[in-house]
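Chemist: Input entry23.txt, format and content: compact mmCIF, C-alpha atoms.
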# COMPACT_ATOMS: atom_id res chain seq x y z
CA MET A 1 -16.21 28.25 16.09
CA CYS A 2 -17.72 26.13 13.34
CA ILE A 3 -21.32 26.23 12.18
CA ARG A 4 -22.75 23.83 9.59
CA GLY A 5 -26.18 24.79 8.37
CA ASP A 6 -27.80 26.17 11.52
CA ARG A 7 -26.01 23.77 13.83
CA LEU A 8 -23.13 24.77 16.05
CA LEU A 9 -20.54 21.98 15.81
CA PHE A 10 -17.85 23.21 18.17
CA ARG A 11 -16.33 26.32 19.64
CA HIS A 12 -13.58 27.45 22.03
CA ILE A 13 -11.03 25.12 20.53
CA ARG A 14 -7.40 26.01 20.91
CA PHE A 15 -4.27 24.00 20.25
CA THR A 16 -0.71 24.42 19.04
CA LEU A 17 1.20 21.69 17.26
CA LYS A 18 5.01 21.71 17.47
CA PRO A 19 7.44 19.67 15.31
CA GLY A 20 7.19 16.04 16.35
CA GLY A 21 3.76 16.61 17.82
CA LEU A 22 0.67 14.53 17.28
CA LEU A 23 -2.92 15.60 17.75
CA TYR A 24 -5.70 13.06 18.08
CA VAL A 25 -9.14 14.39 17.31
CA LEU A 26 -11.77 12.23 19.00
CA GLY A 27 -15.51 12.47 19.00
CA ASP A 28 -18.72 10.68 18.13
CA ASN A 29 -20.01 10.44 14.60
CA GLY A 30 -21.24 13.83 13.50
CA SER A 31 -19.38 15.72 16.21
CA GLY A 32 -17.41 17.69 13.65
CA LYS A 33 -14.10 15.83 13.41
CA SER A 34 -14.00 15.93 9.62
CA SER A 35 -15.24 19.53 9.60
CA LEU A 36 -12.36 20.48 11.89
CA LEU A 37 -9.86 18.82 9.55
CA ARG A 38 -11.38 20.55 6.55
CA LEU A 39 -11.14 23.88 8.37
CA LEU A 40 -7.47 23.21 9.06
CA CYS A 41 -6.81 22.42 5.38
CA GLY A 42 -8.44 25.60 4.21
CA LEU A 43 -11.30 23.78 2.48
CA MET A 44 -13.74 25.56 4.77
CA GLN A 45 -13.56 28.85 6.64
CA PRO A 46 -14.25 29.06 10.38
CA GLU A 47 -17.20 31.15 11.51
CA SER A 48 -14.88 32.93 13.91
CA GLY A 49 -11.35 32.40 15.15
CA SER A 50 -8.13 31.90 13.26
CA ILE A 51 -5.86 29.13 12.06
CA CYS A 52 -2.17 29.96 11.89
CA TRP A 53 0.87 28.38 10.24
CA GLN A 54 4.21 29.48 11.70
CA GLY A 55 2.56 32.52 13.24
CA GLU A 56 0.85 33.71 10.05
CA GLN A 57 -2.84 33.29 9.36
CA VAL A 58 -3.28 30.37 6.97
CA LYS A 59 -5.51 32.30 4.58
CA HIS A 60 -2.69 34.82 4.03
CA VAL A 61 0.01 32.22 3.36
CA LEU A 62 -2.22 29.62 1.77
CA GLU A 63 0.19 28.39 -0.91
CA VAL A 64 3.11 28.06 1.53
CA PHE A 65 0.88 26.23 3.96
CA GLN A 66 -0.56 23.91 1.34
CA ALA A 67 2.94 23.10 0.08
CA ASN A 68 3.65 21.75 3.58
CA LEU A 69 0.39 19.89 3.92
CA LEU A 70 -0.69 16.37 3.09
CA TYR A 71 -4.39 15.80 3.59
CA ILE A 72 -6.11 12.48 3.12
CA GLY A 73 -9.80 12.86 3.77
CA HIS A 74 -12.43 10.21 4.24
CA LEU A 75 -12.72 10.13 0.45
CA ASN A 76 -9.74 8.47 -1.17
CA GLY A 77 -9.44 10.80 -4.15
CA LEU A 78 -8.83 7.89 -6.52
CA LYS A 79 -10.15 7.55 -10.05
CA GLU A 80 -11.90 4.21 -10.51
CA ASP A 81 -10.79 3.82 -14.12
CA LEU A 82 -7.10 4.45 -13.49
CA SER A 83 -4.59 2.10 -11.91
CA PRO A 84 -3.08 2.84 -8.48
CA ILE A 85 0.18 3.88 -10.17
CA GLU A 86 -1.57 6.34 -12.51
CA ASN A 87 -3.66 7.67 -9.64
CA LEU A 88 -0.71 8.24 -7.35
CA GLN A 89 1.44 9.78 -10.04
CA ALA A 90 -1.35 12.20 -10.93
CA SER A 91 -2.06 13.19 -7.34
CA MET A 92 1.64 13.60 -6.50
CA ARG A 93 2.23 15.82 -9.53
CA LEU A 94 -0.89 17.82 -8.71
CA ALA A 95 0.52 18.41 -5.25
CA GLY A 96 3.79 19.55 -6.83
CA ASP A 97 5.93 16.53 -5.91
CA HIS A 98 8.01 14.25 -8.07
CA ALA A 99 6.59 10.81 -8.67
CA ASP A 100 8.72 8.36 -10.57
CA LYS A 101 7.21 5.01 -11.27
CA PRO A 102 9.72 2.96 -9.19
CA ASP A 103 9.11 5.19 -6.17
CA VAL A 104 5.36 4.80 -6.50
CA LEU A 105 5.76 1.02 -6.79
CA ASP A 106 7.94 0.97 -3.66
CA ALA A 107 5.29 2.93 -1.78
CA LEU A 108 2.57 0.53 -2.87
CA GLU A 109 4.78 -2.43 -1.86
CA ALA A 110 5.40 -0.83 1.53
CA ILE A 111 1.71 -0.80 2.38
CA GLY A 112 1.12 -4.20 0.82
CA VAL A 113 -0.79 -3.42 -2.38
CA GLY A 114 2.14 -3.84 -4.78
CA ARG A 115 0.34 -6.74 -6.48
CA CYS A 116 -2.55 -4.49 -7.53
CA ALA A 117 -0.34 -1.74 -8.95
CA ASN A 118 -1.60 -2.07 -12.50
CA LEU A 119 -5.23 -3.06 -11.96
CA PRO A 120 -7.96 -0.46 -12.32
CA VAL A 121 -8.89 0.86 -8.88
CA ARG A 122 -12.55 -0.13 -9.32
CA VAL A 123 -11.72 -3.83 -8.89
CA LEU A 124 -9.95 -3.29 -5.55
CA SER A 125 -11.59 -3.81 -2.18
CA GLN A 126 -12.36 -0.89 0.15
CA GLY A 127 -9.33 -1.66 2.29
CA GLN A 128 -7.06 -1.89 -0.72
CA LYS A 129 -8.33 1.44 -2.06
CA ARG A 130 -7.66 3.02 1.29
CA ARG A 131 -4.15 1.63 1.29
CA VAL A 132 -3.51 2.99 -2.20
CA ALA A 133 -4.57 6.45 -1.02
CA LEU A 134 -2.38 6.13 2.07
CA ALA A 135 0.62 5.13 -0.05
CA ARG A 136 1.10 8.87 -0.60
CA LEU A 137 2.52 9.00 2.93
CA TRP A 138 5.58 7.13 1.66
CA LEU A 139 6.09 9.44 -1.30
CA THR A 140 6.12 12.89 0.18
CA GLU A 141 8.08 14.93 2.66
CA ARG A 142 5.34 17.25 3.81
CA LYS A 143 5.68 18.56 7.36
CA LEU A 144 2.05 18.34 8.37
CA TRP A 145 -0.12 15.28 7.81
CA ILE A 146 -3.86 15.62 8.28
CA LEU A 147 -5.48 12.20 8.13
CA ASP A 148 -9.20 11.56 8.45
CA GLU A 149 -9.81 8.08 9.87
CA PRO A 150 -6.69 6.55 8.32
CA PHE A 151 -7.13 3.24 10.14
CA ALA A 152 -10.74 2.62 9.18
CA THR A 153 -11.20 -0.40 6.86
CA LEU A 154 -7.55 -1.44 7.28
CA ASP A 155 -6.52 -4.90 8.54
CA SER A 156 -4.24 -5.21 11.57
CA THR A 157 -1.06 -5.79 9.54
CA SER A 158 -1.62 -2.62 7.53
CA ILE A 159 -2.40 -0.70 10.71
CA ASP A 160 0.98 -1.72 12.13
CA VAL A 161 2.73 -0.65 8.93
CA LEU A 162 0.92 2.67 8.94
CA VAL A 163 1.63 3.31 12.62
CA ALA A 164 5.32 2.64 11.97
CA ARG A 165 5.25 5.13 9.13
CA ILE A 166 3.56 7.81 11.24
CA ASN A 167 6.08 7.19 14.06
CA HIS A 168 8.91 7.63 11.60
CA HIS A 169 7.36 10.89 10.37
CA LEU A 170 6.95 12.23 13.91
CA ASN A 171 10.47 11.24 14.92
CA ASN A 172 11.74 13.30 12.00
CA ASP A 173 10.07 16.44 13.35
CA GLY A 174 6.91 15.95 11.32
CA MET A 175 3.48 16.77 12.66
CA ALA A 176 0.26 14.84 12.37
CA ILE A 177 -3.40 15.47 13.07
CA ILE A 178 -5.42 12.27 13.07
CA THR A 179 -9.01 11.33 13.74
CA THR A 180 -9.56 7.76 14.76
CA HIS A 181 -11.70 5.33 16.70
CA GLN A 182 -9.08 2.64 17.06
CA ASP A 183 -6.59 2.38 19.90
CA VAL A 184 -3.24 2.60 18.21
CA ALA A 185 0.17 3.06 19.77
CA ILE A 186 1.86 6.03 18.21
CA SER A 187 4.86 7.25 20.17
CA ALA A 188 5.10 10.96 19.67
CA GLN A 189 7.25 13.39 21.60
CA SER A 190 4.08 15.18 22.55
CA THR A 191 0.62 13.75 22.08
CA GLN A 192 -2.44 15.90 22.52
CA VAL A 193 -6.02 14.72 22.52
CA LEU A 194 -8.88 16.93 21.47
CA ARG A 195 -12.38 15.72 22.32
CA LEU A 196 -15.13 17.33 20.30
CA ASP A 197 -18.21 15.92 22.05
CA ILE A 198 -18.74 18.39 24.83
CA MET B 1 2.46 25.11 -11.78
CA ASN B 2 2.77 23.99 -15.36
CA ARG B 3 3.16 20.35 -14.45
CA ALA B 4 0.03 20.25 -12.35
CA TRP B 5 -1.91 21.80 -15.21
CA VAL B 6 -0.62 19.21 -17.66
CA THR B 7 -1.26 16.41 -15.16
CA ILE B 8 -4.93 17.29 -14.78
CA PHE B 9 -5.34 17.66 -18.52
CA LYS B 10 -3.69 14.32 -19.29
CA ARG B 11 -5.60 12.55 -16.55
CA ASP B 12 -8.95 13.77 -17.85
CA ILE B 13 -8.12 12.79 -21.42
CA LEU B 14 -6.98 9.36 -20.22
CA LEU B 15 -10.20 8.95 -18.25
CA ALA B 16 -12.24 9.85 -21.33
CA LEU B 17 -10.33 7.27 -23.35
CA ARG B 18 -10.99 4.61 -20.70
CA ARG B 19 -14.69 5.48 -20.70
CA ARG B 20 -15.51 6.04 -24.33
CA SER B 21 -19.27 5.65 -23.95
CA ASP B 22 -19.42 9.11 -22.32
CA VAL B 23 -17.87 10.68 -25.40
CA ALA B 24 -20.05 8.67 -27.71
CA THR B 25 -23.23 9.87 -25.95
CA THR B 26 -22.55 13.50 -26.82
CA LEU B 27 -21.62 12.71 -30.37
CA PHE B 28 -24.58 10.42 -31.04
CA PHE B 29 -26.97 12.92 -29.53
CA PHE B 30 -25.72 15.57 -31.93
CA LEU B 31 -25.83 13.15 -34.84
CA ILE B 32 -29.34 11.92 -34.12
CA VAL B 33 -30.96 15.28 -33.32
CA ALA B 34 -29.44 16.88 -36.41
CA SER B 35 -30.53 13.95 -38.57
CA LEU B 36 -34.13 13.93 -37.31
CA PHE B 37 -34.94 17.38 -38.64
CA PRO B 38 -34.54 16.54 -42.35
CA LEU B 39 -36.63 13.41 -41.78
CA GLY B 40 -39.39 15.37 -40.06
CA ILE B 41 -39.43 18.40 -42.31
CA GLY B 42 -38.98 16.76 -45.66
CA PRO B 43 -36.31 16.77 -48.32
CA GLU B 44 -36.92 20.26 -49.77
CA PRO B 45 -33.34 21.67 -50.11
CA ALA B 46 -34.38 25.33 -49.93
CA VAL B 47 -36.22 24.83 -46.61
CA LEU B 48 -33.47 22.65 -45.15
CA SER B 49 -30.66 25.01 -45.98
CA SER B 50 -32.55 27.95 -44.53
CA ILE B 51 -33.09 26.23 -41.16
CA ALA B 52 -29.67 24.57 -41.14
CA PRO B 53 -27.64 27.23 -39.26
CA GLY B 54 -30.06 27.44 -36.35
CA VAL B 55 -30.76 23.71 -36.10
CA LEU B 56 -27.12 22.67 -36.24
CA TRP B 57 -26.08 25.26 -33.70
CA VAL B 58 -28.90 24.36 -31.29
CA ALA B 59 -28.06 20.66 -31.65
CA ALA B 60 -24.39 21.34 -30.92
CA LEU B 61 -25.32 23.48 -27.93
CA LEU B 62 -27.64 20.87 -26.42
CA ALA B 63 -25.14 18.07 -27.06
CA GLY B 64 -22.57 20.08 -25.14
CA MET B 65 -25.05 20.59 -22.28
CA LEU B 66 -25.45 16.81 -21.88
CA SER B 67 -21.90 16.34 -20.74
CA LEU B 68 -21.67 19.44 -18.55
CA THR B 69 -22.94 17.80 -15.37
CA ARG B 70 -20.12 15.30 -15.60
CA MET B 71 -17.38 17.91 -15.73
CA PHE B 72 -16.75 18.06 -11.97
CA ALA B 73 -19.24 15.50 -10.62
CA SER B 74 -16.90 12.50 -10.42
CA ASP B 75 -14.06 14.60 -8.99
CA PHE B 76 -16.52 15.82 -6.38
CA SER B 77 -17.77 12.39 -5.38
CA ASP B 78 -14.41 10.59 -5.28
CA GLY B 79 -12.56 13.33 -3.40
CA SER B 80 -10.12 14.36 -6.13
CA LEU B 81 -11.73 17.79 -6.18
CA GLU B 82 -10.69 18.33 -2.55
CA GLN B 83 -7.14 17.45 -3.53
CA MET B 84 -7.32 19.95 -6.40
CA LEU B 85 -8.51 22.66 -4.03
CA ILE B 86 -5.73 22.11 -1.51
CA ALA B 87 -3.01 21.71 -4.13
CA PRO B 88 -0.52 24.58 -3.94
CA GLN B 89 -1.52 25.65 -7.45
CA PRO B 90 -3.70 28.45 -8.78
CA LEU B 91 -7.12 26.85 -9.05
CA PRO B 92 -8.25 28.81 -12.15
CA MET B 93 -5.37 27.22 -14.09
CA LEU B 94 -6.53 23.74 -13.06
CA VAL B 95 -10.04 24.71 -14.11
CA ILE B 96 -8.75 25.72 -17.54
CA ALA B 97 -7.06 22.32 -17.84
CA LYS B 98 -10.32 20.57 -17.05
CA VAL B 99 -12.34 22.73 -19.43
CA LEU B 100 -9.81 22.21 -22.23
CA ALA B 101 -9.99 18.45 -21.72
CA HIS B 102 -13.80 18.65 -21.72
CA TRP B 103 -13.79 20.66 -24.93
CA ILE B 104 -11.43 18.26 -26.69
CA VAL B 105 -13.55 15.31 -25.62
CA CYS B 106 -17.04 16.78 -26.16
CA GLY B 107 -16.67 19.92 -28.29
CA LEU B 108 -14.07 19.10 -30.88
CA PRO B 109 -15.75 15.90 -32.16
CA VAL B 110 -18.95 17.91 -32.78
CA VAL B 111 -16.97 20.53 -34.70
CA LEU B 112 -15.38 17.82 -36.85
CA LEU B 113 -18.66 16.02 -37.45
CA ALA B 114 -20.61 19.16 -38.33
CA PRO B 115 -19.68 19.43 -42.04
CA MET B 116 -20.90 15.87 -42.60
CA ILE B 117 -24.24 16.74 -41.02
CA GLY B 118 -24.28 20.02 -42.95
CA LEU B 119 -24.31 18.06 -46.19
CA GLN B 120 -27.70 16.59 -45.21
CA TYR B 121 -29.00 20.15 -45.11
CA ALA B 122 -27.78 20.95 -48.61
CA LEU B 123 -25.39 23.60 -47.33
CA PRO B 124 -23.00 24.95 -49.98
CA ASN B 125 -19.27 24.46 -49.46
CA ASP B 126 -18.41 27.94 -48.25
CA ALA B 127 -21.27 27.83 -45.73
CA LEU B 128 -19.93 24.47 -44.48
CA LEU B 129 -16.56 26.07 -43.95
CA VAL B 130 -18.10 28.96 -42.03
CA LEU B 131 -20.12 26.45 -39.96
CA VAL B 132 -16.94 24.64 -38.91
CA LEU B 133 -15.17 27.94 -38.19
CA SER B 134 -18.06 29.30 -36.15
CA LEU B 135 -18.29 26.10 -34.10
CA LEU B 136 -14.53 26.07 -33.62
CA LEU B 137 -14.59 29.64 -32.30
CA GLY B 138 -17.85 29.37 -30.36
CA THR B 139 -17.82 25.97 -28.64
CA PRO B 140 -14.90 26.85 -26.31
CA ALA B 141 -17.10 29.62 -24.90
CA LEU B 142 -19.85 27.02 -24.32
CA SER B 143 -17.48 24.78 -22.34
CA LEU B 144 -16.07 27.70 -20.35
CA ILE B 145 -19.46 29.15 -19.42
CA GLY B 146 -20.84 25.66 -18.83
CA ALA B 147 -18.07 25.04 -16.30
CA ILE B 148 -19.46 27.82 -14.10
CA GLY B 149 -22.88 26.18 -14.12
CA ALA B 150 -21.37 22.73 -13.50
CA ALA B 151 -19.41 24.05 -10.52
CA LEU B 152 -22.37 25.91 -9.05
CA THR B 153 -24.68 22.89 -9.20
CA LEU B 154 -22.22 20.36 -7.73
CA GLY B 155 -23.86 18.09 -5.22
CA VAL B 156 -27.30 19.49 -5.96
CA ARG B 157 -30.08 17.02 -6.70
CA GLY B 158 -31.60 17.40 -10.16
CA SER B 159 -28.58 19.39 -11.24
CA GLY B 160 -29.22 18.62 -14.93
CA LEU B 161 -32.23 20.90 -15.19
CA LEU B 162 -30.72 23.55 -12.95
CA ILE B 163 -27.60 23.70 -15.07
CA ALA B 164 -29.72 24.26 -18.18
CA LEU B 165 -31.60 27.10 -16.49
CA LEU B 166 -28.36 28.73 -15.39
CA VAL B 167 -26.33 28.29 -18.50
CA LEU B 168 -28.67 28.43 -21.50
CA PRO B 169 -29.43 32.17 -21.17
CA LEU B 170 -25.68 32.82 -21.23
CA TYR B 171 -25.36 30.70 -24.38
CA ILE B 172 -27.74 32.93 -26.33
CA PRO B 173 -25.13 35.37 -27.70
CA VAL B 174 -22.98 32.47 -28.90
CA LEU B 175 -26.00 30.89 -30.59
CA ILE B 176 -27.02 34.14 -32.29
CA PHE B 177 -23.60 34.96 -33.68
CA GLY B 178 -22.79 31.34 -34.51
CA ALA B 179 -25.96 30.71 -36.48
CA GLY B 180 -25.75 34.27 -37.83
CA ALA B 181 -22.31 33.60 -39.29
CA VAL B 182 -23.54 30.61 -41.27
CA ALA B 183 -26.69 32.43 -42.43
CA ALA B 184 -24.63 35.43 -43.53
CA SER B 185 -22.37 33.32 -45.70
CA GLN B 186 -25.43 31.55 -47.19
CA HIS B 187 -26.73 34.92 -48.30
CA GLY B 188 -23.44 35.83 -49.87
CA MET B 189 -22.37 38.24 -47.15
CA SER B 190 -19.14 38.19 -45.22
CA ALA B 191 -19.28 36.19 -41.98
CA GLU B 192 -16.23 37.98 -40.64
CA ALA B 193 -18.07 40.24 -38.19
CA HIS B 194 -19.96 37.32 -36.65
CA LEU B 195 -16.84 35.22 -36.38
CA SER B 196 -14.87 38.05 -34.79
CA LEU B 197 -17.60 38.52 -32.20
CA LEU B 198 -17.64 34.77 -31.48
CA ALA B 199 -13.88 34.80 -30.99
CA ALA B 200 -14.18 37.84 -28.75
CA PHE B 201 -16.84 36.08 -26.69
CA SER B 202 -14.66 33.00 -26.30
CA LEU B 203 -11.68 35.09 -25.25
CA LEU B 204 -13.76 37.01 -22.75
CA SER B 205 -15.03 33.75 -21.25
CA LEU B 206 -11.48 32.41 -21.15
CA VAL B 207 -10.49 35.39 -19.02
CA LEU B 208 -13.50 35.48 -16.70
CA ALA B 209 -15.00 31.99 -16.50
CA PRO B 210 -12.05 30.17 -14.83
CA PHE B 211 -12.13 32.60 -11.90
CA ALA B 212 -15.90 32.33 -11.53
CA THR B 213 -15.67 28.53 -11.76
CA ALA B 214 -12.90 28.38 -9.16
CA ALA B 215 -14.93 30.50 -6.77
CA ALA B 216 -18.02 28.35 -7.38
CA LEU B 217 -16.03 25.16 -6.72
CA ARG B 218 -14.79 26.49 -3.39
CA ILE B 219 -18.36 27.30 -2.37
CA SER B 220 -19.69 23.91 -3.49
CA VAL B 221 -17.04 21.94 -1.63
CA GLU B 222 -17.51 23.92 1.57
Starting from the file, give its structure as structure tokens.
Modeler:
Amino acid sequence: MCIRGDRLLFRHIRFTLKPGGLLYVLGDNGSGKSSLLRLLCGLMQPESGSICWQGEQVKHVLEVFQANLLYIGHLNGLKEDLSPIENLQASMRLAGDHADKPDVLDALEAIGVGRCANLPVRVLSQGQKRRVALARLWLTERKLWILDEPFATLDSTSIDVLVARINHHLNNDGMAIITTHQDVAISAQSTQVLRLDI
Amino acid sequence: MNRAWVTIFKRDILLALRRRSDVATTLFFFLIVASLFPLGIGPEPAVLSSIAPGVLWVAALLAGMLSLTRMFASDFSDGSLEQMLIAPQPLPMLVIAKVLAHWIVCGLPVVLLAPMIGLQYALPNDALLVLVLSLLLGTPALSLIGAIGAALTLGVRGSGLLIALLVLPLYIPVLIFGAGAVAASQHGMSAEAHLSLLAAFSLLSLVLAPFATAAALRISVE
């Protein structure tokens, strides 16, 4: 159960994600999609109920869980005054991963923002910023991806590239939890859909 | 763990270098406030040197307050704070990295500039030395305590005033012992006791403040 302020957002939610599994979280604006993702990351605590990672409550194994987690929220987490390379290197190191410059460049190339690699982020467009943030998906081997509206502001080419990347992740026994409005074709071994607007 | 700490520290220093006007604001504020007093009060050396410890310390304290709201605000609004909170790292360590960067950017320049300002107040050489020492030992406590206030007021409208109300009462001991150290040396007494207490206060804040700040950050982001 999740309560924000004095408003009940959702309750009686139950799901299990297995390796290779994908969970779509759907719902209208304000229905609590982002809140659910933040609960799952450990950024917020549920009012009641529990969130488990490999059978253990997340709050008891927080560091293990977070070492397996890649979360990209609706905010990009980029510093306007730094270049995409500097931003990605900093966020990868913060998350405890290696981030060599060539790898970061490859990731930026993969999602089509290689040309902007050395510009300050503030001169990029919204879509380009989003793509820089999403380039982390190419740099890490985390098991669980939690992505808040990853396809918003992206053009159709980038969406295809991103879908291919998520497919690759799922086919390698990764897991993903995604909120989205777009119809995208992700072929997971098991796809679940969670609707929050009751 | 170490690498994440260093990463945050380096990133904040780099950001400060890219945006020098923020640093300059603190420094100019200190410079201007401390220079206005001699102009307003008059050039009598005896009067100036007797008010110098208090005025310089208050100016340094207020200059430090100016930059406090910025400590976590941009991380909060661009989402990097969320990434810090979910990083598999002890959050208090990351907080220390941020506070250290803040102190180097906003505290250290004031410490280095202080003897120059002290000359305007006709402070003798040994008092100038004690002034620098007291600021060097006391300003880290200001940044550490300020971080708690900055974290608590994240995302609050009018946080500037709120931060002052929260933090200034906690600054009082630092102000008393800091200004007291300089005054003691002016009167030919040893400033050692004051300086030891300042150092003790900074160490105590170093132990406690990062945990309080980390807890406050988690509440603010939720």
Chemist: Near chain A, meaning an atom within 6 Å, which residues of chain B appear when counting all atoms listed in the file? Write them as a PDB file with C-alpha atoms, keeping the file's coordinate frame.
Modeler:
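The result, stored in selection_22.pdb:
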ATOM      1  CA  ALA B   4       0.030  20.250 -12.350  1.00  0.00           C
ATOM      2  CA  THR B   7      -1.260  16.410 -15.160  1.00  0.00           C
ATOM      3  CA  ASP B  78     -14.410  10.590  -5.280  1.00  0.00           C
ATOM      4  CA  GLY B  79     -12.560  13.330  -3.400  1.00  0.00           C
ATOM      5  CA  SER B  80     -10.120  14.360  -6.130  1.00  0.00           C
ATOM      6  CA  ALA B  87      -3.010  21.710  -4.130  1.00  0.00           C
ATOM      7  CA  PRO B  88      -0.520  24.580  -3.940  1.00  0.00           C
ATOM      8  CA  GLU B 222     -17.510  23.920   1.570  1.00  0.00           C
TER       9      GLU B 222
END
Chemist: Tell me, as a PDB file with C-alpha atoms, in the frame of the given file, which residues lie within 12 Å of Val25 (chain A), counting all atoms listed in the file; anything in the same chain fewer than 4 positions away does not count.
Modeler:
ATOM      1  CA  ILE A  13     -11.030  25.120  20.530  1.00  0.00           C
ATOM      2  CA  PHE A  15      -4.270  24.000  20.250  1.00  0.00           C
ATOM      3  CA  ASN A  29     -20.010  10.440  14.600  1.00  0.00           C
ATOM      4  CA  SER A  31     -19.380  15.720  16.210  1.00  0.00           C
ATOM      5  CA  GLY A  32     -17.410  17.690  13.650  1.00  0.00           C
ATOM      6  CA  LYS A  33     -14.100  15.830  13.410  1.00  0.00           C
ATOM      7  CA  SER A  34     -14.000  15.930   9.620  1.00  0.00           C
ATOM      8  CA  SER A  35     -15.240  19.530   9.600  1.00  0.00           C
ATOM      9  CA  LEU A  36     -12.360  20.480  11.890  1.00  0.00           C
ATOM     10  CA  LEU A  37      -9.860  18.820   9.550  1.00  0.00           C
ATOM     11  CA  ILE A 146      -3.860  15.620   8.280  1.00  0.00           C
ATOM     12  CA  LEU A 147      -5.480  12.200   8.130  1.00  0.00           C
ATOM     13  CA  ASP A 148      -9.200  11.560   8.450  1.00  0.00           C
ATOM     14  CA  GLU A 149      -9.810   8.080   9.870  1.00  0.00           C
ATOM     15  CA  ALA A 176       0.260  14.840  12.370  1.00  0.00           C
ATOM     16  CA  ILE A 177      -3.400  15.470  13.070  1.00  0.00           C
ATOM     17  CA  ILE A 178      -5.420  12.270  13.070  1.00  0.00           C
ATOM     18  CA  THR A 179      -9.010  11.330  13.740  1.00  0.00           C
ATOM     19  CA  THR A 180      -9.560   7.760  14.760  1.00  0.00           C
ATOM     20  CA  HIS A 181     -11.700   5.330  16.700  1.00  0.00           C
ATOM     21  CA  GLN A 182      -9.080   2.640  17.060  1.00  0.00           C
ATOM     22  CA  THR A 191       0.620  13.750  22.080  1.00  0.00           C
ATOM     23  CA  GLN A 192      -2.440  15.900  22.520  1.00  0.00           C
ATOM     24  CA  VAL A 193      -6.020  14.720  22.520  1.00  0.00           C
ATOM     25  CA  LEU A 194      -8.880  16.930  21.470  1.00  0.00           C
ATOM     26  CA  ARG A 195     -12.380  15.720  22.320  1.00  0.00           C
ATOM     27  CA  LEU A 196     -15.130  17.330  20.300  1.00  0.00           C
ATOM     28  CA  ASP A 197     -18.210  15.920  22.050  1.00  0.00           C
TER      29      ASP A 197
END
Chemist: Output, as lines of an AutoDock Vina configuration file, the centre and edge lengths in Å (one decimal) of the axis-aligned box that contains all listed atoms of region 31-34 of chain B with 5 Å of margin on each side.
Modeler:
center_x = -28.4
center_y = 14.4
center_z = -34.9
size_x = 15.1
size_y = 15.0
size_z = 13.1
Chemist: Could you name the residues that touch region 62-67 of chain B at 8 Å or less, counting only C-alpha atoms, but leaving out those on the same chain fewer than 3 positions away, as number ranges by chain?
Modeler: B: 22, 26-27, 29-30, 58-59, 70-71, 106-107, 142-143, 146, 164
Chemist: Can you pull out the residues contacting region 187-195 of chain B? Cut-off 8 Å, using only C-alpha atoms, and skip same-chain residues under 2 positions away; I want them as a list in words.
Modeler: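 Here the answer would be Val130, Leu133, Ser134, Leu137, Phe177, Gly178, Gly180, Ala181, Val182, Ala183, Ala184, Ser185, Leu197, Leu198 and Ala199 of chain B.
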Chemist: Just the number, please: distance in Å from CA of Met116 (chain B) to CA of Ile172 (chain B), one decimal.
Modeler: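 Taking CA of Met116 (chain B) as the start and CA of Ile172 (chain B) as the end point, the length is 24.5 Å.
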Chemist: Find the residues near Ser156 (chain A): any atom within 12 Å, counting only C-alpha atoms, skip ones fewer than 5 places away on the same chain, and give them as a PyMOL selection string.
Modeler: chain A and resi 111+127+151+161-163+182-184
Chemist: For Asp103 (chain A), find every residue with an atom within 8 Å (counting all atoms listed in the file), except residues of its own chain fewer than 4 positions away, and show them as an mmCIF file with C-alpha atoms, keeping the file's coordinate frame.
Modeler:
data_model
loop_
_atom_site.group_PDB
_atom_site.id
_atom_site.type_symbol
_atom_site.label_atom_id
_atom_site.label_comp_id
_atom_site.auth_asym_id
_atom_site.auth_seq_id
_atom_site.Cartn_x
_atom_site.Cartn_y
_atom_site.Cartn_z
ATOM 1 C CA ALA A 99 6.590 10.810 -8.670
ATOM 2 C CA ALA A 107 5.290 2.930 -1.780
ATOM 3 C CA LEU A 139 6.090 9.440 -1.300
#
Chemist: Neighbourhood query: residues within 10 Å of (1.0, 14.1, 17.9), file coordinates, counting all atoms listed in the file; return as a PyMOL selection string.
Modeler: chain A and resi 17-24+166-167+170+174-178+186-193
Chemist: Can you tell me how far CA of Asp155 (chain A) sits from CA of Arg130 (chain A), in Å to one decimal?
Modeler: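 Going from CA of Asp155 (chain A) over to CA of Arg130 (chain A) covers 10.8 Å.
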Chemist: Just how far from CA of Pro169 (chain B) is CA of Gln120 (chain B), in Å to one decimal?
Modeler: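 For CA of Gln120 (chain B) relative to CA of Pro169 (chain B), the distance reads 28.7 Å.
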Chemist: Could you tell me which of B:Gln186, B:Ser35, B:Ser196, B:Thr139 comes closest to His102 (chain B) if we count all atoms listed in the file?
Modeler: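 Using all atoms listed in the file, the shortest distance to His102 (chain B) belongs to B:Thr139.
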Chemist: For Ile148 (chain B), which of B:Phe37, B:Trp57, B:Trp103, B:Phe72 is the closest residue, counting all atoms listed in the file?
Modeler: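 Comparing B:Phe37, B:Trp57, B:Trp103, B:Phe72 against Ile148 (chain B), the winner is B:Phe72.
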